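Peer 1: mmCIF, C-alpha atoms, file coords_17.cif:
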```cif
data_data
#
loop_
_atom_site.label_atom_id
_atom_site.label_comp_id
_atom_site.auth_asym_id
_atom_site.auth_seq_id
_atom_site.Cartn_x
_atom_site.Cartn_y
_atom_site.Cartn_z
CA MET A 1 26.49 2.05 7.63
CA GLY A 2 28.11 5.36 8.63
CA ARG A 3 27.17 6.87 5.27
CA SER A 4 23.59 5.60 5.65
CA VAL A 5 23.29 7.19 9.07
CA LYS A 6 24.40 10.54 7.66
CA LEU A 7 21.86 10.21 4.85
CA VAL A 8 19.00 9.46 7.21
CA GLN A 9 20.01 12.33 9.47
CA ARG A 10 19.89 14.67 6.49
CA LEU A 11 16.58 13.18 5.37
CA LEU A 12 15.08 13.56 8.81
CA ARG A 13 16.24 17.16 9.22
CA PHE A 14 15.31 18.50 5.78
CA GLY A 15 12.52 16.15 4.72
CA ILE A 16 10.59 14.85 7.68
CA THR A 17 11.02 18.10 9.57
CA ARG A 18 9.09 19.93 6.86
CA GLU A 19 6.51 17.16 6.64
CA ILE A 20 5.87 17.26 10.36
CA SER A 21 5.59 21.02 10.53
CA LEU A 22 3.14 21.16 7.61
CA ARG A 23 1.09 18.01 8.13
CA PHE A 24 0.91 17.45 11.85
CA ARG A 25 -0.16 21.00 12.57
CA ASN A 26 -3.25 20.04 10.57
CA LEU A 27 -3.76 17.06 12.84
CA ALA A 28 -3.65 19.10 16.05
CA VAL A 29 -7.26 19.19 17.20
CA ILE A 30 -7.28 22.78 18.46
CA GLY A 31 -5.56 23.92 15.28
CA VAL A 32 -8.39 22.41 13.25
CA LEU A 33 -11.22 23.70 15.40
CA GLY A 34 -9.73 27.09 16.18
CA GLY A 35 -9.08 27.73 12.51
CA ILE A 36 -12.71 27.09 11.69
CA THR A 37 -13.75 29.58 14.35
CA ALA A 38 -11.44 32.23 12.94
CA LEU A 39 -12.83 31.76 9.46
CA GLY A 40 -16.45 31.89 10.60
CA LEU A 41 -17.34 29.40 7.84
CA SER A 42 -20.57 27.54 7.27
CA ALA A 43 -21.41 24.70 4.92
CA ALA A 44 -23.55 27.12 2.95
CA THR A 45 -20.36 28.53 1.41
CA ASP A 46 -20.11 25.36 -0.69
CA ASP A 47 -22.83 25.24 -3.34
CA THR A 48 -21.80 21.72 -4.39
CA LEU A 49 -22.99 20.12 -1.14
CA GLU A 50 -26.24 18.15 -1.20
CA PRO A 51 -28.87 19.21 1.38
CA THR A 52 -28.13 16.27 3.71
CA SER A 53 -24.40 16.89 3.55
CA ALA A 54 -24.84 20.62 4.04
CA THR A 55 -26.90 20.07 7.20
CA ILE A 56 -24.34 17.69 8.71
CA ILE A 57 -21.38 19.92 7.86
CA THR A 58 -23.14 22.99 9.26
CA LYS A 59 -23.71 21.13 12.55
CA TYR A 60 -20.08 19.98 12.50
CA LEU A 61 -18.83 23.55 12.15
CA GLU A 62 -21.18 24.73 14.90
CA ALA A 63 -19.98 21.95 17.24
CA ALA A 64 -16.37 22.77 16.37
CA HIS A 65 -16.95 26.42 17.22
CA VAL A 66 -18.38 25.50 20.63
CA GLN A 67 -15.49 23.15 21.37
CA SER A 68 -12.89 25.75 20.43
CA GLN A 69 -14.22 27.99 23.19
CA ARG A 70 -13.71 25.32 25.83
CA GLY A 71 -9.95 25.01 25.55
CA ASP A 72 -7.63 22.07 25.13
CA PRO A 73 -7.37 19.43 27.89
CA SER A 74 -3.97 18.42 29.24
CA MET A 75 -2.78 15.16 27.71
CA LEU A 76 -0.10 12.53 28.07
CA LEU A 77 1.57 11.54 24.80
CA ASP A 78 3.41 8.29 24.22
CA ILE A 79 5.31 8.72 20.97
CA ASN A 80 7.15 5.95 19.14
CA ALA A 81 9.18 6.73 16.03
CA SER A 82 11.32 4.36 14.00
CA VAL A 83 13.37 3.92 10.84
CA PRO A 84 13.10 0.12 10.37
CA LYS A 85 15.67 -0.16 7.58
CA LEU A 86 18.36 1.36 9.83
CA ARG A 87 17.00 -0.36 12.95
CA LYS A 88 16.66 2.95 14.75
CA GLU A 89 13.77 3.82 17.02
CA GLY A 90 12.84 5.78 20.09
CA THR A 91 9.94 6.14 22.52
CA LEU A 92 9.16 9.33 24.40
CA ARG A 93 6.50 10.21 26.98
CA ALA A 94 5.50 13.85 27.34
CA LEU A 95 2.90 15.94 29.11
CA ARG A 96 1.12 18.43 26.82
CA VAL A 97 -0.45 21.45 28.50
CA MET A 98 -2.21 24.47 27.02
CA SER A 99 -2.17 27.69 29.03
CA ASN A 100 -5.11 30.07 29.49
CA VAL A 101 -3.76 32.19 26.62
CA GLY A 102 -3.52 29.22 24.24
CA ARG A 103 0.21 28.52 24.48
CA ILE A 104 1.20 24.85 24.25
CA THR A 105 4.07 23.58 26.36
CA TYR A 106 5.57 20.12 26.80
CA ARG A 107 7.28 18.41 29.72
CA VAL A 108 9.36 15.41 28.66
CA LEU A 109 8.79 12.67 31.22
CA GLY A 110 11.09 10.01 29.79
CA PHE A 111 12.83 8.70 26.68
CA GLN A 112 14.34 5.42 25.54
CA GLY A 113 16.05 4.74 22.23
CA ASP A 114 18.23 6.36 19.59
CA ASN A 115 18.99 10.04 20.12
CA THR A 116 18.90 10.76 16.38
CA VAL A 117 15.28 9.65 16.26
CA LYS A 118 14.54 11.69 19.38
CA LYS A 119 16.07 14.89 17.99
CA ASP A 120 15.15 14.67 14.32
CA VAL A 121 11.70 13.06 14.44
CA ILE A 122 10.03 13.26 17.84
CA ALA A 123 11.35 16.68 18.87
CA ARG A 124 10.34 18.11 15.50
CA TYR A 125 6.83 16.73 15.92
CA LEU A 126 6.46 18.39 19.32
CA GLN A 127 7.89 21.65 17.99
CA ALA A 128 5.45 21.64 15.07
CA ASP A 129 2.50 21.05 17.39
CA GLN A 130 3.52 24.09 19.41
CA GLN A 131 4.03 26.33 16.39
CA GLY A 132 1.37 25.17 13.95
CA GLN A 133 -1.87 26.07 15.71
CA GLY A 134 -4.69 27.85 13.92
CA ASP A 135 -3.45 27.76 10.32
CA ALA A 136 -6.65 28.57 8.42
CA ARG A 137 -5.20 27.22 5.15
CA LEU A 138 -5.20 23.65 6.52
CA THR A 139 -8.51 23.46 8.37
CA LEU A 140 -11.03 20.74 7.55
CA SER A 141 -13.62 23.16 6.17
CA PRO A 142 -15.52 23.80 2.91
CA ALA A 143 -13.05 26.58 2.14
CA ASN A 144 -10.25 24.04 1.76
CA TYR A 145 -12.04 20.79 0.91
CA LYS A 146 -14.90 19.36 -1.11
CA PHE A 147 -17.05 17.16 1.14
CA LYS A 148 -18.88 14.15 -0.34
CA PHE A 149 -21.24 12.21 1.93
CA LYS A 150 -20.54 8.46 1.74
CA GLY A 151 -23.10 7.18 4.23
CA GLU A 152 -23.03 5.94 7.82
CA LYS A 153 -20.68 3.44 9.47
CA GLN A 154 -19.94 2.17 12.94
CA THR A 155 -16.60 2.81 14.58
CA ASP A 156 -14.67 0.05 16.32
CA ASN A 157 -16.30 0.99 19.65
CA GLY A 158 -19.81 0.98 18.23
CA GLN A 159 -20.34 4.69 17.58
CA GLN A 160 -22.52 5.63 14.64
CA ALA A 161 -20.67 8.01 12.34
CA TYR A 162 -21.26 10.04 9.19
CA VAL A 163 -18.50 9.36 6.66
CA PHE A 164 -17.30 12.03 4.24
CA GLN A 165 -14.80 11.75 1.45
CA LEU A 166 -12.50 14.77 1.39
CA VAL A 167 -10.85 16.17 -1.73
CA PRO A 168 -8.71 19.31 -1.34
CA ARG A 169 -9.63 22.33 -3.44
CA ASN A 170 -5.93 23.09 -3.91
CA LYS A 171 -2.86 20.89 -4.20
CA ARG A 172 -1.20 22.47 -1.19
CA VAL A 173 1.39 20.94 1.12
CA GLY A 174 -0.38 19.84 4.30
CA LEU A 175 -3.73 18.97 2.69
CA PHE A 176 -4.81 15.37 2.17
CA LYS A 177 -7.24 13.23 0.22
CA GLY A 178 -9.11 10.81 2.39
CA GLU A 179 -11.96 10.45 4.86
CA LEU A 180 -13.46 12.29 7.82
CA TRP A 181 -15.85 10.49 10.18
CA LEU A 182 -18.20 12.58 12.34
CA ASP A 183 -19.99 11.29 15.41
CA ALA A 184 -23.70 11.08 14.54
CA THR A 185 -24.74 12.56 17.89
CA SER A 186 -22.24 15.34 18.58
CA TYR A 187 -21.08 15.95 14.96
CA LEU A 188 -17.48 16.04 16.19
CA PRO A 189 -14.61 14.13 14.54
CA VAL A 190 -14.01 10.52 15.57
CA TYR A 191 -11.66 9.39 12.76
CA GLU A 192 -9.51 10.72 9.93
CA LYS A 193 -7.36 8.96 7.38
CA GLY A 194 -5.71 9.90 4.13
CA ARG A 195 -2.67 10.60 2.01
CA LEU A 196 -1.00 13.92 1.38
CA VAL A 197 -1.85 15.31 -2.03
CA LYS A 198 1.51 17.03 -2.38
CA ASN A 199 4.75 15.59 -1.06
CA PRO A 200 6.64 18.21 0.93
CA SER A 201 10.04 16.83 -0.12
CA ILE A 202 11.64 15.07 -3.09
CA PHE A 203 12.80 12.45 -0.57
CA PHE A 204 9.21 11.26 -0.12
CA LYS A 205 7.20 8.93 -2.33
CA LYS A 206 4.00 9.05 -0.28
CA VAL A 207 2.76 9.95 3.19
CA ASP A 208 -0.20 8.12 4.77
CA PHE A 209 -1.82 8.67 8.14
CA GLU A 210 -4.72 7.64 10.37
CA ARG A 211 -6.03 9.35 13.47
CA ALA A 212 -8.73 8.35 15.95
CA PHE A 213 -10.57 10.66 18.35
CA ALA A 214 -12.62 10.03 21.48
CA ILE A 215 -15.68 12.05 22.54
CA ARG A 216 -15.32 12.90 26.23
CA ASN A 217 -17.66 15.25 28.05
CA GLY A 218 -18.80 16.73 24.76
CA VAL A 219 -15.26 17.32 23.48
CA SER A 220 -13.42 15.52 20.67
CA VAL A 221 -9.91 14.68 21.85
CA PRO A 222 -7.13 12.77 20.07
CA ALA A 223 -6.87 9.09 21.00
CA SER A 224 -4.21 7.76 18.64
CA MET A 225 -2.36 8.65 15.46
CA ASN A 226 -0.02 6.83 13.12
CA SER A 227 1.79 8.00 10.02
CA ILE A 228 3.81 5.99 7.54
CA ILE A 229 6.21 8.05 5.44
CA HIS A 230 7.61 6.20 2.40
CA THR A 231 11.01 7.65 1.48
CA ARG A 232 13.30 7.16 -1.50
CA ILE A 233 16.45 6.53 0.53
CA VAL A 234 15.74 4.74 3.81
CA GLY A 235 12.42 3.03 3.14
CA THR A 236 9.63 3.78 5.60
CA VAL A 237 9.69 6.09 8.60
CA GLU A 238 6.97 5.29 11.13
CA LEU A 239 5.44 7.56 13.75
CA TYR A 240 2.86 6.39 16.30
CA VAL A 241 1.25 8.54 19.00
CA ASN A 242 -1.11 7.47 21.78
CA TYR A 243 -2.93 10.18 23.76
CA SER A 244 -4.56 10.07 27.18
CA SER A 245 -6.38 12.93 28.89
CA VAL A 246 -5.18 14.12 32.28
CA PRO A 247 -7.23 16.21 34.77
CA GLN A 248 -5.71 19.63 35.38
CA ASP A 249 -4.77 18.93 39.02
CA GLN A 250 -3.01 15.71 38.04
CA ALA A 251 -1.25 17.48 35.17
CA GLU A 252 0.15 20.02 37.62
CA ASP A 253 1.36 17.22 39.90
CA ILE A 254 3.02 15.39 37.01
CA ALA A 255 4.67 18.58 35.77
CA GLY A 256 5.97 19.29 39.27
CA GLN A 257 7.52 15.84 39.53
CA SER A 258 9.27 15.94 36.14
#
```
Kindly present the structure from the file in C-alpha coordinates form.
Peer 2:
Amino acid sequence: MGRSVKLVQRLLRFGITREISLRFRNLAVIGVLGGITALGLSAATDDTLEPTSATIITKYLEAAHVQSQRGDPSMLLDINASVPKLRKEGTLRALRVMSNVGRITYRVLGFQGDNTVKKDVIARYLQADQQGQGDARLTLSPANYKFKFKGEKQTDNGQQAYVFQLVPRNKRVGLFKGELWLDATSYLPVYEKGRLVKNPSIFFKKVDFERAFAIRNGVSVPASMNSIIHTRIVGTVELYVNYSSVPQDQAEDIAGQS
(Lines of atoms letter the chains of each structure in order from A and count residues from 1; the text may use other names and numbers.)
(Lines give C-alpha, C1' and ligand atoms only; values in the text may rest on other atoms or scores of the structure.)
Protein backbone atom coordinates (compact mmCIF):
# COMPACT_ATOMS: atom_id res chain seq x y z
CA MET A 1 0.00 0.00 0.00
CA GLY A 2 2.89 2.39 0.73
CA ARG A 3 4.13 2.03 -2.84
CA SER A 4 0.61 2.65 -4.18
CA VAL A 5 0.31 5.83 -2.15
CA LYS A 6 3.58 7.12 -3.59
CA LEU A 7 2.36 6.30 -7.10
CA VAL A 8 -0.92 8.14 -6.65
CA GLN A 9 0.87 11.12 -5.15
CA ARG A 10 3.11 11.27 -8.22
CA LEU A 11 0.11 10.80 -10.51
CA LEU A 12 -1.82 13.55 -8.79
CA ARG A 13 1.09 16.01 -8.85
CA PHE A 14 2.26 15.46 -12.43
CA GLY A 15 -0.89 14.20 -14.14
CA ILE A 16 -4.00 15.60 -12.54
CA THR A 17 -2.30 18.89 -11.77
CA ARG A 18 -1.79 19.50 -15.49
CA GLU A 19 -5.30 18.30 -16.30
CA ILE A 20 -6.85 20.67 -13.79
CA SER A 21 -4.83 23.66 -14.90
CA LEU A 22 -5.66 23.09 -18.57
CA ARG A 23 -9.22 21.81 -18.41
CA PHE A 24 -10.84 23.51 -15.46
CA ARG A 25 -9.70 26.96 -16.52
CA ASN A 26 -11.95 26.32 -19.53
CA LEU A 27 -14.82 25.55 -17.19
CA ALA A 28 -14.48 28.78 -15.22
CA VAL A 29 -17.43 30.86 -16.36
CA ILE A 30 -15.67 34.23 -16.44
CA GLY A 31 -12.74 32.67 -18.28
CA VAL A 32 -15.11 31.51 -21.00
CA LEU A 33 -17.08 34.73 -21.28
CA GLY A 34 -14.18 37.11 -20.82
CA GLY A 35 -12.19 35.32 -23.50
CA ILE A 36 -15.00 35.78 -25.98
CA THR A 37 -15.07 39.49 -25.21
CA ALA A 38 -11.35 39.80 -25.78
CA LEU A 39 -11.58 38.07 -29.13
CA GLY A 40 -14.53 40.17 -30.30
CA LEU A 41 -15.84 37.15 -32.22
CA SER A 42 -19.17 36.68 -33.93
CA ALA A 43 -20.78 33.59 -35.41
CA ALA A 44 -20.29 35.13 -38.84
CA THR A 45 -16.62 34.11 -38.66
CA ASP A 46 -17.71 30.51 -39.24
CA ASP A 47 -18.97 30.00 -42.79
CA THR A 48 -20.03 26.41 -42.01
CA LEU A 49 -22.86 27.46 -39.69
CA GLU A 50 -26.42 27.20 -40.98
CA PRO A 51 -28.50 30.41 -40.75
CA THR A 52 -30.44 29.22 -37.68
CA SER A 53 -27.27 28.17 -35.90
CA ALA A 54 -25.50 31.39 -36.83
CA THR A 55 -28.31 33.49 -35.37
CA ILE A 56 -28.33 31.59 -32.08
CA ILE A 57 -24.54 31.65 -31.73
CA THR A 58 -24.41 35.37 -32.52
CA LYS A 59 -26.96 36.01 -29.74
CA TYR A 60 -24.96 33.75 -27.42
CA LEU A 61 -21.78 35.74 -28.02
CA GLU A 62 -23.64 39.02 -27.54
CA ALA A 63 -25.15 37.79 -24.24
CA ALA A 64 -21.73 36.54 -23.14
CA HIS A 65 -20.21 39.94 -23.85
CA VAL A 66 -22.87 41.68 -21.74
CA GLN A 67 -22.38 39.24 -18.87
CA SER A 68 -18.61 39.65 -18.90
CA GLN A 69 -19.08 43.35 -18.15
CA ARG A 70 -21.13 42.62 -15.03
CA GLY A 71 -18.45 40.80 -13.06
CA ASP A 72 -18.40 37.50 -11.25
CA PRO A 73 -20.63 36.96 -8.19
CA SER A 74 -19.16 35.66 -4.94
CA MET A 75 -19.78 31.93 -4.53
CA LEU A 76 -19.50 29.16 -1.99
CA LEU A 77 -17.87 25.99 -3.32
CA ASP A 78 -18.30 22.55 -1.80
CA ILE A 79 -15.64 20.36 -3.39
CA ASN A 80 -15.41 16.60 -2.99
CA ALA A 81 -12.49 14.69 -4.49
CA SER A 82 -11.73 11.00 -4.20
CA VAL A 83 -9.51 8.16 -5.38
CA PRO A 84 -11.86 5.17 -4.79
CA LYS A 85 -9.28 2.45 -5.44
CA LEU A 86 -7.08 3.79 -2.63
CA ARG A 87 -10.07 4.75 -0.47
CA LYS A 88 -8.87 8.33 -0.21
CA GLU A 89 -11.17 11.33 -0.32
CA GLY A 90 -11.60 14.83 0.99
CA THR A 91 -14.27 17.53 1.15
CA LEU A 92 -13.49 21.23 1.25
CA ARG A 93 -15.71 24.32 1.52
CA ALA A 94 -14.35 27.61 0.19
CA LEU A 95 -15.55 31.13 -0.50
CA ARG A 96 -14.66 32.39 -3.99
CA VAL A 97 -14.51 36.16 -4.43
CA MET A 98 -13.53 38.26 -7.43
CA SER A 99 -12.16 41.75 -6.78
CA ASN A 100 -13.04 44.89 -8.75
CA VAL A 101 -9.88 44.37 -10.84
CA GLY A 102 -10.78 40.77 -11.70
CA ARG A 103 -8.53 38.96 -9.22
CA ILE A 104 -9.95 35.72 -7.80
CA THR A 105 -9.24 34.84 -4.18
CA TYR A 106 -10.36 31.94 -2.00
CA ARG A 107 -11.02 31.63 1.72
CA VAL A 108 -10.98 28.02 2.92
CA LEU A 109 -13.83 27.61 5.39
CA GLY A 110 -13.31 23.97 6.32
CA PHE A 111 -11.86 20.62 5.26
CA GLN A 112 -12.38 16.98 6.16
CA GLY A 113 -10.52 14.00 4.74
CA ASP A 114 -7.14 12.93 3.44
CA ASN A 115 -4.52 15.66 3.22
CA THR A 116 -3.00 14.18 0.05
CA VAL A 117 -6.31 14.67 -1.75
CA LYS A 118 -6.57 18.18 -0.32
CA LYS A 119 -3.10 19.21 -1.47
CA ASP A 120 -2.78 17.38 -4.78
CA VAL A 121 -6.33 17.56 -6.15
CA ILE A 122 -8.48 20.22 -4.50
CA ALA A 123 -5.76 22.82 -3.95
CA ARG A 124 -4.61 22.42 -7.55
CA TYR A 125 -8.15 22.96 -8.78
CA LEU A 126 -8.46 26.21 -6.82
CA GLN A 127 -5.03 27.35 -8.00
CA ALA A 128 -5.94 26.67 -11.63
CA ASP A 129 -9.18 28.63 -11.30
CA GLN A 130 -7.21 31.61 -10.04
CA GLN A 131 -4.57 31.43 -12.75
CA GLY A 132 -6.48 30.23 -15.79
CA GLN A 133 -8.85 33.10 -16.50
CA GLY A 134 -9.32 34.52 -19.98
CA ASP A 135 -7.36 31.99 -22.06
CA ALA A 136 -8.64 32.77 -25.56
CA ARG A 137 -7.39 29.42 -26.91
CA LEU A 138 -9.96 27.52 -24.81
CA THR A 139 -13.09 29.66 -25.16
CA LEU A 140 -16.33 28.15 -26.43
CA SER A 141 -16.35 30.17 -29.65
CA PRO A 142 -16.37 29.58 -33.42
CA ALA A 143 -12.64 30.28 -33.45
CA ASN A 144 -11.99 27.11 -31.44
CA TYR A 145 -15.02 24.91 -32.17
CA LYS A 146 -17.37 23.82 -34.92
CA PHE A 147 -20.96 24.25 -33.73
CA LYS A 148 -23.68 21.90 -35.04
CA PHE A 149 -27.27 22.60 -34.04
CA LYS A 150 -28.97 19.44 -32.71
CA GLY A 151 -32.39 20.84 -31.84
CA GLU A 152 -34.18 21.86 -28.65
CA LYS A 153 -34.46 20.01 -25.34
CA GLN A 154 -35.74 20.69 -21.85
CA THR A 155 -33.40 20.80 -18.90
CA ASP A 156 -34.18 18.97 -15.67
CA ASN A 157 -35.82 22.12 -14.26
CA GLY A 158 -37.98 22.67 -17.33
CA GLN A 159 -35.94 25.28 -19.20
CA GLN A 160 -36.08 25.19 -22.98
CA ALA A 161 -32.57 24.98 -24.41
CA TYR A 162 -30.82 24.99 -27.78
CA VAL A 163 -28.43 22.04 -28.01
CA PHE A 164 -25.19 22.24 -29.99
CA GLN A 165 -22.67 19.54 -30.68
CA LEU A 166 -19.13 20.88 -30.31
CA VAL A 167 -16.12 19.58 -32.22
CA PRO A 168 -12.77 21.31 -31.63
CA ARG A 169 -10.98 22.75 -34.65
CA ASN A 170 -7.65 21.64 -33.16
CA LYS A 171 -6.63 18.68 -31.04
CA ARG A 172 -5.38 20.88 -28.22
CA VAL A 173 -5.10 20.02 -24.54
CA GLY A 174 -8.03 21.63 -22.74
CA LEU A 175 -10.53 21.38 -25.61
CA PHE A 176 -13.34 18.83 -25.58
CA LYS A 177 -15.83 17.09 -27.84
CA GLY A 178 -19.33 17.19 -26.50
CA GLU A 179 -22.41 19.37 -26.07
CA LEU A 180 -23.29 22.94 -25.14
CA TRP A 181 -26.87 23.81 -24.12
CA LEU A 182 -28.00 27.44 -24.35
CA ASP A 183 -31.04 28.86 -22.59
CA ALA A 184 -33.62 29.63 -25.29
CA THR A 185 -34.53 32.97 -23.69
CA SER A 186 -31.21 34.46 -22.56
CA TYR A 187 -28.89 32.48 -24.90
CA LEU A 188 -26.56 31.86 -21.96
CA PRO A 189 -25.09 28.43 -21.09
CA VAL A 190 -27.14 26.09 -18.91
CA TYR A 191 -25.23 22.82 -19.45
CA GLU A 192 -21.98 21.42 -20.83
CA LYS A 193 -20.68 17.89 -21.10
CA GLY A 194 -17.91 16.18 -22.98
CA ARG A 195 -14.60 14.37 -23.13
CA LEU A 196 -11.18 15.86 -23.65
CA VAL A 197 -9.91 15.34 -27.18
CA LYS A 198 -6.30 15.15 -26.07
CA ASN A 199 -5.18 13.56 -22.81
CA PRO A 200 -2.82 15.89 -20.96
CA SER A 201 -0.83 12.99 -19.49
CA ILE A 202 0.19 9.44 -20.38
CA PHE A 203 -1.30 8.44 -17.03
CA PHE A 204 -4.80 9.17 -18.34
CA LYS A 205 -7.01 6.99 -20.51
CA LYS A 206 -9.92 9.43 -20.74
CA VAL A 207 -11.35 12.47 -18.99
CA ASP A 208 -15.12 13.11 -18.89
CA PHE A 209 -17.01 15.99 -17.33
CA GLU A 210 -20.45 17.55 -16.93
CA ARG A 211 -21.33 21.03 -15.74
CA ALA A 212 -24.68 22.67 -15.04
CA PHE A 213 -25.37 26.41 -14.87
CA ALA A 214 -28.21 28.45 -13.40
CA ILE A 215 -29.57 31.70 -14.87
CA ARG A 216 -29.93 34.22 -12.03
CA ASN A 217 -30.79 37.86 -12.61
CA GLY A 218 -29.73 37.58 -16.23
CA VAL A 219 -26.38 35.97 -15.41
CA SER A 220 -25.25 32.39 -16.06
CA VAL A 221 -23.53 31.07 -12.93
CA PRO A 222 -22.09 27.62 -12.21
CA ALA A 223 -24.41 25.30 -10.28
CA SER A 224 -22.53 21.99 -10.24
CA MET A 225 -19.66 20.20 -11.94
CA ASN A 226 -18.31 16.67 -11.93
CA SER A 227 -15.33 15.15 -13.67
CA ILE A 228 -14.29 11.52 -13.88
CA ILE A 229 -10.64 10.98 -14.77
CA HIS A 230 -9.80 7.41 -15.81
CA THR A 231 -6.15 6.68 -15.05
CA ARG A 232 -3.84 3.81 -15.94
CA ILE A 233 -2.52 3.25 -12.42
CA VAL A 234 -5.12 3.99 -9.75
CA GLY A 235 -8.40 3.62 -11.63
CA THR A 236 -10.76 6.59 -11.50
CA VAL A 237 -10.23 9.93 -9.80
CA GLU A 238 -13.49 11.77 -9.12
CA LEU A 239 -14.04 15.48 -8.59
CA TYR A 240 -17.43 17.00 -7.71
CA VAL A 241 -18.14 20.69 -7.14
CA ASN A 242 -21.38 22.33 -5.99
CA TYR A 243 -21.69 26.12 -6.25
CA SER A 244 -24.00 28.54 -4.47
CA SER A 245 -24.14 32.30 -4.98
CA VAL A 246 -23.57 34.59 -2.02
CA PRO A 247 -24.58 38.29 -1.83
CA GLN A 248 -21.58 40.60 -1.49
CA ASP A 249 -22.42 41.72 2.06
CA GLN A 250 -22.77 38.11 3.21
CA ALA A 251 -19.53 37.18 1.46
CA GLU A 252 -17.72 39.88 3.41
CA ASP A 253 -19.21 38.59 6.67
CA ILE A 254 -18.21 35.01 5.87
CA ALA A 255 -14.69 36.07 4.91
CA GLY A 256 -14.37 38.03 8.15
CA GLN A 257 -15.39 35.02 10.22
CA SER A 258 -13.01 32.57 8.53
Peer 1: Might you spell out which residues the PyMOL selection byres ((chain A and resi 190-206) around 8) would select in the displayed file, as a ChimeraX atom specification?
Peer 2: /A:11,15,18-19,161,168,171-183,188-189,207-215,220,229-233
Peer 1: Report, in Å with one decimal, the straight-line distance from atom CA of Lys148 of chain A to atom CA of Ser186 of chain A.
Peer 2: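 Pair atom CA of Lys148 of chain A / atom CA of Ser186 of chain A returns 19.3 Å.
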Peer 1: Suppose you want the space between atom CA of Gln112 of chain A and atom CA of Lys85 of chain A; what is it in Å?
Peer 2: 18.9 Å
Peer 1: For a test of reading the model, state the distance in Å between atom CA of Ala81 of chain A and atom CA of Thr105 of chain A, rounded to one decimal.
Peer 2: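 Computed distance, atom CA of Ala81 of chain A to atom CA of Thr105 of chain A, equals 20.4 Å.
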Peer 1: Excluding Val108 of chain A and its own-chain neighbours fewer than 4 positions away, which residues fall within 9 Å of it when counting all atoms listed in the file? Please give them as a list in words.
Peer 2: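 Counting all atoms listed in the file, the residues come to Leu92, Arg93, Ala94, Leu95, Arg96 and Ser258 of chain A.
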Peer 1: For Val237 of chain A, list every protein, DNA or RNA residue within 6 Å, evaluated using all atoms listed in the file, and leave out those in the same chain fewer than 4 positions away; present the list as number ranges by chain.
Peer 2: A: 82-83, 228-229
Peer 1: Tell me, as a list in words, which residues lie within 6 Å of Asn144 of chain A, counting only C-alpha atoms; anything in the same chain fewer than 2 positions away does not count.
Peer 2: Ser141, Pro142, Pro168 and Arg169 of chain A
Peer 1: My list of candidates is A:Met75, A:Lys88, A:Ala143, A:Tyr187. Which is closest to Asn115 of chain A when distances are computed with only C-alpha atoms?
Peer 2: A:Lys88
Peer 1: Which centre and edge lengths in Å to one decimal define the box along x, y and z that fits every listed atom of segment 180-184 of chain A plus 4 Å per side, as AutoDock Vina command-line options?
Peer 2:
```
--center_x -18.6 --center_y 11.5 --center_z 11.6 --size_x 18.2 --size_y 10.1 --size_z 15.6
```
Peer 1: Could you check which residues have any atom within 9 Å of (-2.8, 12.7, 23.0), counting all atoms listed in the file with coordinates taken straight from the file, and then list them as a ChimeraX atom specification?
Peer 2: /A:74-78,95-96,221-225,241-245
Peer 1: Could you check the closest approach to Thr91 of chain A for each of A:Ser68, A:Ser227, A:Thr116, A:Gln127 and tell me which residue wins, using all atoms listed in the file?
Peer 2: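 For Thr91 of chain A, the nearest of the given residues is A:Thr116.
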Peer 1: Rank nothing, just name the residue among A:Pro84, A:Phe149, A:Arg107, A:Val219 nearest to Arg70 of chain A, using all atoms listed in the file.
Peer 2: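 When distances to Arg70 of chain A are compared using all atoms listed in the file, the smallest one comes from A:Val219.
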Peer 1: Could you tell me which of A:Ser53, A:Leu109, A:Gly218, A:Thr139 comes closest to Gln165 of chain A if we count all atoms listed in the file?
Peer 2: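 Closest to Gln165 of chain A of all the choices is A:Ser53.
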Peer 1: Which residue gives the smallest distance to Val246 of chain A among A:Gly158, A:Pro73, A:Gly151, A:Gly90, with all atoms listed in the file counted?
Peer 2: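 When distances to Val246 of chain A are compared using all atoms listed in the file, the smallest one comes from A:Pro73.
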Peer 1: Here is a test: counting all atoms listed in the file, which residue of A:Leu140, A:Val97, A:Ile79, A:Ala123 is nearest to Tyr60 of chain A?
Peer 2: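 Among the listed residues, the smallest separation from Tyr60 of chain A belongs to A:Leu140.
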